[in-house]
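File shown: input.txt (compact mmCIF, C-alpha atoms).
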```
# COMPACT_ATOMS: atom_id res chain seq x y z
CA MET A 1 -40.69 -29.33 -5.82
CA PRO A 2 -43.40 -31.97 -6.27
CA GLY A 3 -42.45 -35.60 -6.72
CA LEU A 4 -44.48 -37.84 -9.01
CA LYS A 5 -45.55 -41.31 -7.91
CA ILE A 6 -45.99 -43.41 -11.05
CA THR A 7 -47.34 -46.93 -11.54
CA LEU A 8 -47.01 -48.97 -14.74
CA LEU A 9 -49.39 -51.91 -15.24
CA GLN A 10 -47.62 -54.49 -17.40
CA GLN A 11 -50.46 -56.85 -18.29
CA PRO A 12 -51.74 -59.26 -20.95
CA LEU A 13 -54.64 -58.12 -23.12
CA VAL A 14 -57.69 -60.06 -24.26
CA TRP A 15 -57.77 -59.99 -28.06
CA MET A 16 -60.51 -57.72 -29.41
CA ASP A 17 -62.66 -57.84 -26.25
CA GLY A 18 -63.08 -54.39 -24.72
CA PRO A 19 -65.39 -55.36 -21.84
CA ALA A 20 -63.10 -58.24 -20.81
CA ASN A 21 -60.06 -55.93 -20.75
CA LEU A 22 -61.87 -53.32 -18.69
CA ARG A 23 -62.94 -56.00 -16.20
CA HIS A 24 -59.32 -57.17 -15.99
CA PHE A 25 -58.05 -53.68 -15.25
CA ASP A 26 -60.88 -53.17 -12.75
CA ILE A 27 -59.25 -55.93 -10.73
CA GLN A 28 -55.71 -54.60 -11.21
CA LEU A 29 -56.74 -51.15 -9.98
CA GLU A 30 -58.71 -52.26 -6.93
CA ASP A 31 -55.80 -51.89 -4.51
CA VAL A 32 -53.81 -49.12 -6.22
CA THR A 33 -53.75 -46.07 -3.94
CA GLY A 34 -51.54 -43.09 -3.26
CA ARG A 35 -50.29 -42.71 -6.83
CA ASP A 36 -50.22 -39.66 -9.13
CA LEU A 37 -50.07 -41.40 -12.50
CA ILE A 38 -51.17 -44.91 -13.52
CA VAL A 39 -50.23 -46.16 -16.99
CA LEU A 40 -51.86 -48.95 -19.03
CA PRO A 41 -50.40 -50.39 -22.27
CA GLU A 42 -51.07 -49.32 -25.84
CA MET A 43 -54.50 -50.36 -27.20
CA PHE A 44 -55.39 -51.62 -23.74
CA THR A 45 -59.00 -52.39 -24.75
CA THR A 46 -58.21 -54.62 -27.76
CA GLY A 47 -54.56 -55.47 -28.25
CA PHE A 48 -52.64 -54.19 -31.28
CA ALA A 49 -55.10 -55.17 -34.02
CA MET A 50 -55.53 -53.45 -37.36
CA GLU A 51 -59.29 -54.04 -37.33
CA ALA A 52 -59.63 -52.89 -33.72
CA ALA A 53 -61.08 -49.44 -34.38
CA LYS A 54 -64.00 -50.94 -36.31
CA GLN A 55 -64.95 -53.14 -33.36
CA SER A 56 -63.67 -51.11 -30.42
CA LEU A 57 -65.62 -49.54 -27.61
CA PRO A 58 -66.66 -45.94 -28.38
CA GLN A 59 -64.44 -43.19 -27.01
CA ASP A 60 -67.12 -41.91 -24.64
CA GLU A 61 -67.36 -45.33 -22.99
CA VAL A 62 -63.59 -45.71 -22.66
CA VAL A 63 -63.20 -42.20 -21.26
CA ALA A 64 -66.07 -42.77 -18.82
CA TRP A 65 -64.36 -45.91 -17.52
CA MET A 66 -61.01 -44.12 -17.22
CA TYR A 67 -62.67 -41.21 -15.43
CA ASP A 68 -64.23 -43.59 -12.93
CA LYS A 69 -60.83 -45.16 -12.27
CA ALA A 70 -59.16 -41.76 -12.02
CA ARG A 71 -61.64 -40.71 -9.34
CA GLN A 72 -61.31 -44.06 -7.57
CA THR A 73 -57.50 -43.79 -7.39
CA ASN A 74 -57.20 -39.97 -7.37
CA ALA A 75 -54.62 -40.36 -10.12
CA LEU A 76 -54.19 -39.56 -13.80
CA ILE A 77 -55.10 -42.71 -15.78
CA ALA A 78 -53.27 -43.13 -19.10
CA GLY A 79 -53.41 -45.61 -21.97
CA SER A 80 -54.07 -45.75 -25.70
CA ALA A 81 -57.10 -47.20 -27.49
CA ALA A 82 -58.11 -47.86 -31.08
CA LEU A 83 -61.02 -45.51 -31.74
CA GLN A 84 -63.29 -44.34 -34.52
CA THR A 85 -63.29 -40.54 -34.82
CA ASP A 86 -64.64 -37.88 -37.15
CA ARG A 87 -61.41 -37.98 -39.11
CA GLY A 88 -61.23 -41.78 -39.22
CA PRO A 89 -59.74 -44.53 -37.05
CA VAL A 90 -56.87 -43.50 -34.77
CA ASN A 91 -54.56 -45.03 -32.18
CA ARG A 92 -55.34 -42.49 -29.48
CA PHE A 93 -53.48 -41.95 -26.22
CA LEU A 94 -56.04 -40.90 -23.60
CA LEU A 95 -55.00 -39.37 -20.28
CA VAL A 96 -57.88 -38.70 -17.90
CA GLU A 97 -57.68 -36.67 -14.68
CA PRO A 98 -59.80 -37.27 -11.56
CA GLY A 99 -61.41 -33.87 -12.14
CA GLY A 100 -62.57 -34.91 -15.60
CA ASN A 101 -60.03 -33.16 -17.86
CA VAL A 102 -59.06 -35.37 -20.81
CA HIS A 103 -55.77 -35.04 -22.72
CA VAL A 104 -55.53 -36.62 -26.17
CA TYR A 105 -52.60 -37.53 -28.42
CA ASP A 106 -52.99 -39.46 -31.70
CA LYS A 107 -50.05 -41.70 -32.57
CA ARG A 108 -47.89 -39.92 -35.13
CA HIS A 109 -45.69 -42.74 -36.45
CA LEU A 110 -47.74 -45.70 -37.65
CA PHE A 111 -46.04 -49.09 -37.80
CA ARG A 112 -45.96 -49.81 -41.51
CA MET A 113 -44.49 -53.30 -41.03
CA ALA A 114 -47.93 -54.26 -39.67
CA ASP A 115 -49.75 -52.02 -42.19
CA GLU A 116 -50.91 -49.73 -39.38
CA HIS A 117 -50.63 -46.79 -41.80
CA HIS A 118 -53.29 -48.44 -44.01
CA HIS A 119 -55.76 -48.83 -41.15
CA TYR A 120 -55.29 -45.72 -38.99
CA GLU A 121 -54.88 -41.99 -39.49
CA ALA A 122 -51.60 -40.52 -38.25
CA GLY A 123 -51.67 -37.74 -35.68
CA ASN A 124 -50.15 -34.40 -36.59
CA GLU A 125 -49.81 -32.65 -33.24
CA ARG A 126 -47.35 -33.13 -30.39
CA VAL A 127 -49.10 -32.62 -27.04
CA VAL A 128 -47.52 -31.44 -23.80
CA PHE A 129 -49.71 -30.93 -20.75
CA GLU A 130 -49.22 -30.24 -17.05
CA TRP A 131 -50.24 -32.54 -14.22
CA ARG A 132 -49.49 -31.83 -10.56
CA GLY A 133 -46.60 -29.55 -11.46
CA TRP A 134 -45.11 -31.86 -14.09
CA ARG A 135 -44.98 -31.24 -17.84
CA ILE A 136 -45.71 -34.53 -19.64
CA LEU A 137 -45.23 -35.54 -23.29
CA PRO A 138 -47.25 -38.68 -24.17
CA LEU A 139 -46.13 -40.84 -27.13
CA VAL A 140 -47.04 -44.28 -28.46
CA CYS A 141 -44.86 -47.33 -29.26
CA TYR A 142 -43.29 -46.80 -32.73
CA ASP A 143 -42.89 -43.08 -31.94
CA LEU A 144 -39.96 -44.25 -29.79
CA ARG A 145 -37.81 -44.79 -32.90
CA PHE A 146 -38.04 -41.16 -34.04
CA PRO A 147 -36.01 -38.89 -31.75
CA VAL A 148 -36.86 -35.64 -33.53
CA TRP A 149 -40.53 -36.03 -32.56
CA SER A 150 -39.56 -36.36 -28.89
CA ARG A 151 -36.85 -33.68 -28.88
CA ASN A 152 -37.04 -31.77 -25.61
CA ARG A 153 -37.12 -28.04 -26.23
CA ASN A 154 -37.07 -27.47 -22.48
CA ASP A 155 -40.85 -27.96 -22.63
CA TYR A 156 -41.38 -31.25 -20.77
CA ASP A 157 -40.13 -33.16 -17.71
CA LEU A 158 -41.52 -36.65 -18.31
CA LEU A 159 -41.63 -38.58 -21.58
CA LEU A 160 -44.35 -41.22 -21.36
CA TYR A 161 -44.62 -44.21 -23.72
CA VAL A 162 -47.25 -46.94 -23.99
CA ALA A 163 -46.59 -49.90 -26.26
CA ASN A 164 -47.33 -53.29 -27.75
CA TRP A 165 -43.64 -53.86 -28.53
CA PRO A 166 -43.04 -57.53 -29.48
CA ALA A 167 -40.42 -59.78 -27.92
CA PRO A 168 -38.04 -60.15 -30.90
CA ARG A 169 -37.22 -56.45 -30.68
CA SER A 170 -37.27 -56.08 -26.90
CA LEU A 171 -33.60 -55.05 -26.76
CA HIS A 172 -34.42 -52.16 -29.10
CA TRP A 173 -37.23 -51.12 -26.77
CA GLN A 174 -34.95 -51.14 -23.74
CA SER A 175 -32.03 -49.31 -25.37
CA LEU A 176 -34.21 -46.68 -27.06
CA LEU A 177 -35.93 -45.79 -23.79
CA VAL A 178 -32.52 -45.14 -22.23
CA ALA A 179 -31.40 -43.13 -25.25
CA ARG A 180 -34.50 -40.91 -25.15
CA ALA A 181 -33.86 -40.17 -21.46
CA ILE A 182 -30.21 -39.26 -21.96
CA GLU A 183 -30.64 -37.14 -25.08
CA ASN A 184 -33.63 -35.23 -23.70
CA LEU A 185 -32.45 -34.85 -20.08
CA ALA A 186 -35.87 -36.03 -18.94
CA TRP A 187 -37.52 -38.80 -16.98
CA VAL A 188 -38.81 -41.59 -19.26
CA ALA A 189 -41.43 -44.24 -18.46
CA GLY A 190 -42.46 -47.00 -20.85
CA CYS A 191 -45.37 -49.38 -20.25
CA ASN A 192 -45.46 -52.45 -22.51
CA ARG A 193 -47.82 -55.45 -22.52
CA VAL A 194 -47.06 -59.14 -21.99
CA GLY A 195 -48.61 -62.35 -23.34
CA THR A 196 -49.48 -63.45 -26.87
CA ASP A 197 -51.88 -61.58 -29.15
CA GLY A 198 -54.41 -62.82 -31.68
CA ASN A 199 -51.79 -62.77 -34.44
CA GLY A 200 -49.43 -65.00 -32.48
CA HIS A 201 -46.99 -62.22 -31.56
CA HIS A 202 -45.43 -62.58 -28.12
CA TYR A 203 -44.56 -59.71 -25.79
CA ARG A 204 -41.92 -59.69 -23.03
CA GLY A 205 -43.02 -56.47 -21.37
CA ASP A 206 -39.77 -54.99 -20.02
CA SER A 207 -41.68 -51.97 -18.76
CA ARG A 208 -39.38 -49.54 -16.97
CA VAL A 209 -38.72 -46.09 -15.57
CA ILE A 210 -35.46 -44.33 -16.43
CA SER A 211 -33.76 -41.30 -14.92
CA PRO A 212 -32.50 -38.30 -16.94
CA GLN A 213 -28.99 -39.74 -16.58
CA GLY A 214 -30.10 -42.98 -18.24
CA GLU A 215 -30.25 -45.08 -15.07
CA ILE A 216 -33.00 -47.69 -14.80
CA ILE A 217 -34.72 -46.98 -11.48
CA ALA A 218 -37.58 -49.49 -11.85
CA THR A 219 -38.11 -52.41 -14.19
CA ALA A 220 -40.70 -55.16 -14.57
CA GLU A 221 -39.79 -58.83 -14.79
CA PRO A 222 -40.04 -59.99 -18.42
CA HIS A 223 -43.03 -62.13 -19.39
CA GLN A 224 -44.74 -61.38 -16.07
CA ALA A 225 -48.12 -59.76 -15.51
CA THR A 226 -47.13 -57.26 -12.85
CA ARG A 227 -46.94 -53.63 -11.81
CA ILE A 228 -43.96 -51.43 -11.07
CA ASP A 229 -43.91 -48.30 -8.93
CA ALA A 230 -41.47 -45.43 -8.88
CA GLU A 231 -41.26 -41.92 -7.48
CA LEU A 232 -39.74 -39.26 -9.71
CA SER A 233 -38.07 -36.11 -8.43
CA LEU A 234 -38.66 -32.83 -10.24
CA SER A 235 -36.06 -30.95 -8.19
CA ALA A 236 -33.41 -33.55 -9.04
CA LEU A 237 -34.28 -33.17 -12.73
CA GLN A 238 -34.04 -29.41 -12.62
CA GLU A 239 -30.73 -29.48 -10.73
CA TYR A 240 -29.28 -31.89 -13.28
CA ARG A 241 -30.46 -29.80 -16.23
CA GLU A 242 -28.88 -26.70 -14.69
CA LYS A 243 -25.55 -28.44 -14.11
CA PHE A 244 -25.57 -30.18 -17.51
CA PRO A 245 -27.54 -27.95 -19.92
CA ALA A 246 -26.88 -29.97 -23.06
CA TRP A 247 -30.34 -29.08 -24.36
CA GLN A 248 -29.06 -25.56 -25.07
CA ASP A 249 -26.69 -26.97 -27.72
CA ALA A 250 -29.28 -28.95 -29.68
CA ASP A 251 -29.49 -28.12 -33.37
CA PRO A 252 -32.59 -26.18 -34.46
CA PHE A 253 -35.25 -28.26 -36.14
CA THR A 254 -38.87 -28.29 -37.12
CA LEU A 255 -41.51 -30.85 -36.23
CA GLY A 256 -43.25 -30.84 -39.58
```
Go through the file and emit its structure as structure tokens.
Amino acid sequence: MPGLKITLLQQPLVWMDGPANLRHFDIQLEDVTGRDLIVLPEMFTTGFAMEAAKQSLPQDEVVAWMYDKARQTNALIAGSAALQTDRGPVNRFLLVEPGGNVHVYDKRHLFRMADEHHHYEAGNERVVFEWRGWRILPLVCYDLRFPVWSRNRNDYDLLLYVANWPAPRSLHWQSLLVARAIENLAWVAGCNRVGTDGNGHHYRGDSRVISPQGEIIATAEPHQATRIDAELSLSALQEYREKFPAWQDADPFTLG
């Protein structure tokens, strides 16, 4: 069974400056090799700004940059960006393969405490896709608080979060990542930013990778611009799910 080598880039973001952020990640990705999946934070081109979509880089330019980095590293490059689309501004999770395939998920749960729901359109589709033998469900930040949206119907192996999750609620971030892993019997990876944004909000990071049993197998030092690496085992996941098939006892639900 294929393993998955994953890298999370826990980094600060330059407020509302797409070119500066891309130059920063150019440097971070220079020496990254031998990985399958490389994850950048939420809104990695702007920071978590409500006006970001109006001033952001166009999607074609962001995707072109991600495609170049995917080819350079021979890895799937993942991160969300504020974008203008035909249906309005969205907080869009982009995942770009070295071969050019692009997977897209629009953030479903918009953070009303920052008025995100007044500035962006909510997504309405959960997206699961396959990469190198792994089924991946990408979600964004505030989605983490809503377990029904991430309920594993035996349809994914890795639950992937990107975030701008501020420091005052960092314990919530950490505990919810563990909870999502345990309840869904899946690997979970969460990539958060560090530093201070243009609104004065500070971010600890606490990016981490968690096993299906809820064990933290890799974690980033808080407040530090850094990367963490981990290798996930698909065979170990499948063996655990066979021995402990709790997913079969989940109550039926709808994702409406």
Problem set entry | Residue with smallest distance to A:Ala189 - pool A:Leu40, A:Val90, A:Val128, A:Ala64, counting only C-alpha atoms | A:Leu40
For this session: Find, counting all atoms listed in the file, the residue in A:Val162, A:Leu232, A:Val148, A:Ala70 that gets nearest to A:Trp187.
Result: A:Leu232
Problem set entry | Polymer residues at most 9 Å from A:Glu130, only C-alpha atoms, same-chain spacing of 5 or more positions, as an MDAnalysis selection string | chainID A and resid 135:136 156
Problem set entry | Pick from A:Leu94, A:Ile6, A:Ala52, A:Val63, whichever lies nearest to A:Gly190 using only C-alpha atoms |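 Smallest separation from A:Gly190 among the options: A:Ile6.
Residue nearest A:Ala230 within the list A:Asn124, A:Asn192, A:Gln11, A:Ser207: A:Ser207 [criterion: smallest interatomic distance, only C-alpha atoms].
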Exercise. What is the atom CA of A:Gly195 to atom CA of A:His24 distance in Å?
Worked result: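 Going from atom CA of A:Gly195 over to atom CA of A:His24, I get 14.0 Å.
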Problem set entry | Distance in Å - atom CA of A:Ser80 versus atom CA of A:Leu95 |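 Interatomic distance, atom CA of A:Ser80 to atom CA of A:Leu95: 8.4 Å.
When the distance limit is 10 Å and all atoms listed in the file are what count, the residues near A:Leu176, minus those fewer than 5 positions from it on the same chain, are Leu144, Arg145, Phe146, Pro147, Ser170, Leu171, Ala181 and Ile182 of chain A.
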Problem set entry | Which residue of A:Val140, A:Leu9, A:Ala250, A:Ala236 approaches A:Phe111 most closely, using all atoms listed in the file |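 Closest residue, counting all atoms listed in the file: A:Val140.
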For this session: List the neighbours of A:Ala246 out to 9 Å using all atoms listed in the file; skip same-chain residues closer than 3 positions along the sequence, and give me the result as a PyMOL selection string.
Result: chain A and resi 183-185+241+249-250
For stretch 96-125 of chain A, supply N, CA and C atoms and format the output as an mmCIF file, in the frame of the given file.
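Output file out-v2.cif is given in full below:
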```
data_model
loop_
_atom_site.group_PDB
_atom_site.id
_atom_site.type_symbol
_atom_site.label_atom_id
_atom_site.label_comp_id
_atom_site.auth_asym_id
_atom_site.auth_seq_id
_atom_site.Cartn_x
_atom_site.Cartn_y
_atom_site.Cartn_z
ATOM 1 N N VAL A 96 -56.678 -39.222 -18.537
ATOM 2 C CA VAL A 96 -57.880 -38.700 -17.900
ATOM 3 C C VAL A 96 -57.594 -38.369 -16.437
ATOM 4 N N GLU A 97 -57.905 -37.143 -16.047
ATOM 5 C CA GLU A 97 -57.680 -36.670 -14.680
ATOM 6 C C GLU A 97 -58.885 -36.978 -13.791
ATOM 7 N N PRO A 98 -58.680 -37.055 -12.479
ATOM 8 C CA PRO A 98 -59.800 -37.270 -11.560
ATOM 9 C C PRO A 98 -60.865 -36.181 -11.637
ATOM 10 N N GLY A 99 -60.459 -34.962 -12.012
ATOM 11 C CA GLY A 99 -61.410 -33.870 -12.140
ATOM 12 C C GLY A 99 -62.176 -33.872 -13.447
ATOM 13 N N GLY A 100 -61.838 -34.786 -14.357
ATOM 14 C CA GLY A 100 -62.570 -34.910 -15.600
ATOM 15 C C GLY A 100 -61.853 -34.386 -16.833
ATOM 16 N N ASN A 101 -60.763 -33.638 -16.691
ATOM 17 C CA ASN A 101 -60.030 -33.160 -17.860
ATOM 18 C C ASN A 101 -59.454 -34.352 -18.629
ATOM 19 N N VAL A 102 -59.546 -34.293 -19.948
ATOM 20 C CA VAL A 102 -59.060 -35.370 -20.810
ATOM 21 C C VAL A 102 -58.008 -34.800 -21.763
ATOM 22 N N HIS A 103 -56.837 -35.427 -21.796
ATOM 23 C CA HIS A 103 -55.770 -35.040 -22.720
ATOM 24 C C HIS A 103 -55.679 -36.130 -23.789
ATOM 25 N N VAL A 104 -55.464 -35.707 -25.028
ATOM 26 C CA VAL A 104 -55.530 -36.620 -26.170
ATOM 27 C C VAL A 104 -54.310 -36.428 -27.059
ATOM 28 N N TYR A 105 -53.682 -37.546 -27.418
ATOM 29 C CA TYR A 105 -52.600 -37.530 -28.420
ATOM 30 C C TYR A 105 -52.824 -38.698 -29.375
ATOM 31 N N ASP A 106 -52.852 -38.418 -30.676
ATOM 32 C CA ASP A 106 -52.990 -39.460 -31.700
ATOM 33 C C ASP A 106 -51.610 -39.865 -32.199
ATOM 34 N N LYS A 107 -51.343 -41.156 -32.185
ATOM 35 C CA LYS A 107 -50.050 -41.700 -32.570
ATOM 36 C C LYS A 107 -49.599 -41.149 -33.926
ATOM 37 N N ARG A 108 -48.416 -40.562 -33.931
ATOM 38 C CA ARG A 108 -47.890 -39.920 -35.130
ATOM 39 C C ARG A 108 -47.278 -40.930 -36.105
ATOM 40 N N HIS A 109 -46.430 -41.812 -35.597
ATOM 41 C CA HIS A 109 -45.690 -42.740 -36.450
ATOM 42 C C HIS A 109 -46.384 -44.100 -36.421
ATOM 43 N N LEU A 110 -46.969 -44.463 -37.548
ATOM 44 C CA LEU A 110 -47.740 -45.700 -37.650
ATOM 45 C C LEU A 110 -46.845 -46.820 -38.173
ATOM 46 N N PHE A 111 -46.961 -47.981 -37.555
ATOM 47 C CA PHE A 111 -46.040 -49.090 -37.800
ATOM 48 C C PHE A 111 -46.361 -49.773 -39.129
ATOM 49 N N ARG A 112 -45.642 -49.349 -40.171
ATOM 50 C CA ARG A 112 -45.960 -49.810 -41.510
ATOM 51 C C ARG A 112 -45.682 -51.301 -41.693
ATOM 52 N N MET A 113 -44.778 -51.875 -40.891
ATOM 53 C CA MET A 113 -44.490 -53.300 -41.030
ATOM 54 C C MET A 113 -45.692 -54.165 -40.649
ATOM 55 N N ALA A 114 -46.664 -53.572 -39.943
ATOM 56 C CA ALA A 114 -47.930 -54.260 -39.670
ATOM 57 C C ALA A 114 -49.081 -53.614 -40.440
ATOM 58 N N ASP A 115 -48.746 -52.735 -41.383
ATOM 59 C CA ASP A 115 -49.750 -52.020 -42.190
ATOM 60 C C ASP A 115 -50.631 -51.094 -41.355
ATOM 61 N N GLU A 116 -50.106 -50.639 -40.221
ATOM 62 C CA GLU A 116 -50.910 -49.730 -39.380
ATOM 63 C C GLU A 116 -51.273 -48.466 -40.155
ATOM 64 N N HIS A 117 -50.374 -48.021 -41.042
ATOM 65 C CA HIS A 117 -50.630 -46.790 -41.800
ATOM 66 C C HIS A 117 -51.749 -46.956 -42.813
ATOM 67 N N HIS A 118 -52.154 -48.194 -43.111
ATOM 68 C CA HIS A 118 -53.290 -48.440 -44.010
ATOM 69 C C HIS A 118 -54.617 -48.536 -43.269
ATOM 70 N N HIS A 119 -54.551 -48.618 -41.945
ATOM 71 C CA HIS A 119 -55.760 -48.830 -41.150
ATOM 72 C C HIS A 119 -56.088 -47.676 -40.204
ATOM 73 N N TYR A 120 -55.102 -46.825 -39.933
ATOM 74 C CA TYR A 120 -55.290 -45.720 -38.990
ATOM 75 C C TYR A 120 -54.788 -44.418 -39.590
ATOM 76 N N GLU A 121 -55.330 -43.319 -39.099
ATOM 77 C CA GLU A 121 -54.880 -41.990 -39.490
ATOM 78 C C GLU A 121 -53.788 -41.527 -38.530
ATOM 79 N N ALA A 122 -52.713 -40.990 -39.076
ATOM 80 C CA ALA A 122 -51.600 -40.520 -38.250
ATOM 81 C C ALA A 122 -51.963 -39.195 -37.573
ATOM 82 N N GLY A 123 -51.519 -39.024 -36.356
ATOM 83 C CA GLY A 123 -51.670 -37.740 -35.680
ATOM 84 C C GLY A 123 -50.717 -36.715 -36.264
ATOM 85 N N ASN A 124 -51.014 -35.456 -36.054
ATOM 86 C CA ASN A 124 -50.150 -34.400 -36.590
ATOM 87 C C ASN A 124 -49.801 -33.341 -35.551
ATOM 88 N N GLU A 125 -50.068 -33.648 -34.269
ATOM 89 C CA GLU A 125 -49.810 -32.650 -33.240
ATOM 90 C C GLU A 125 -49.131 -33.303 -32.030
#
```
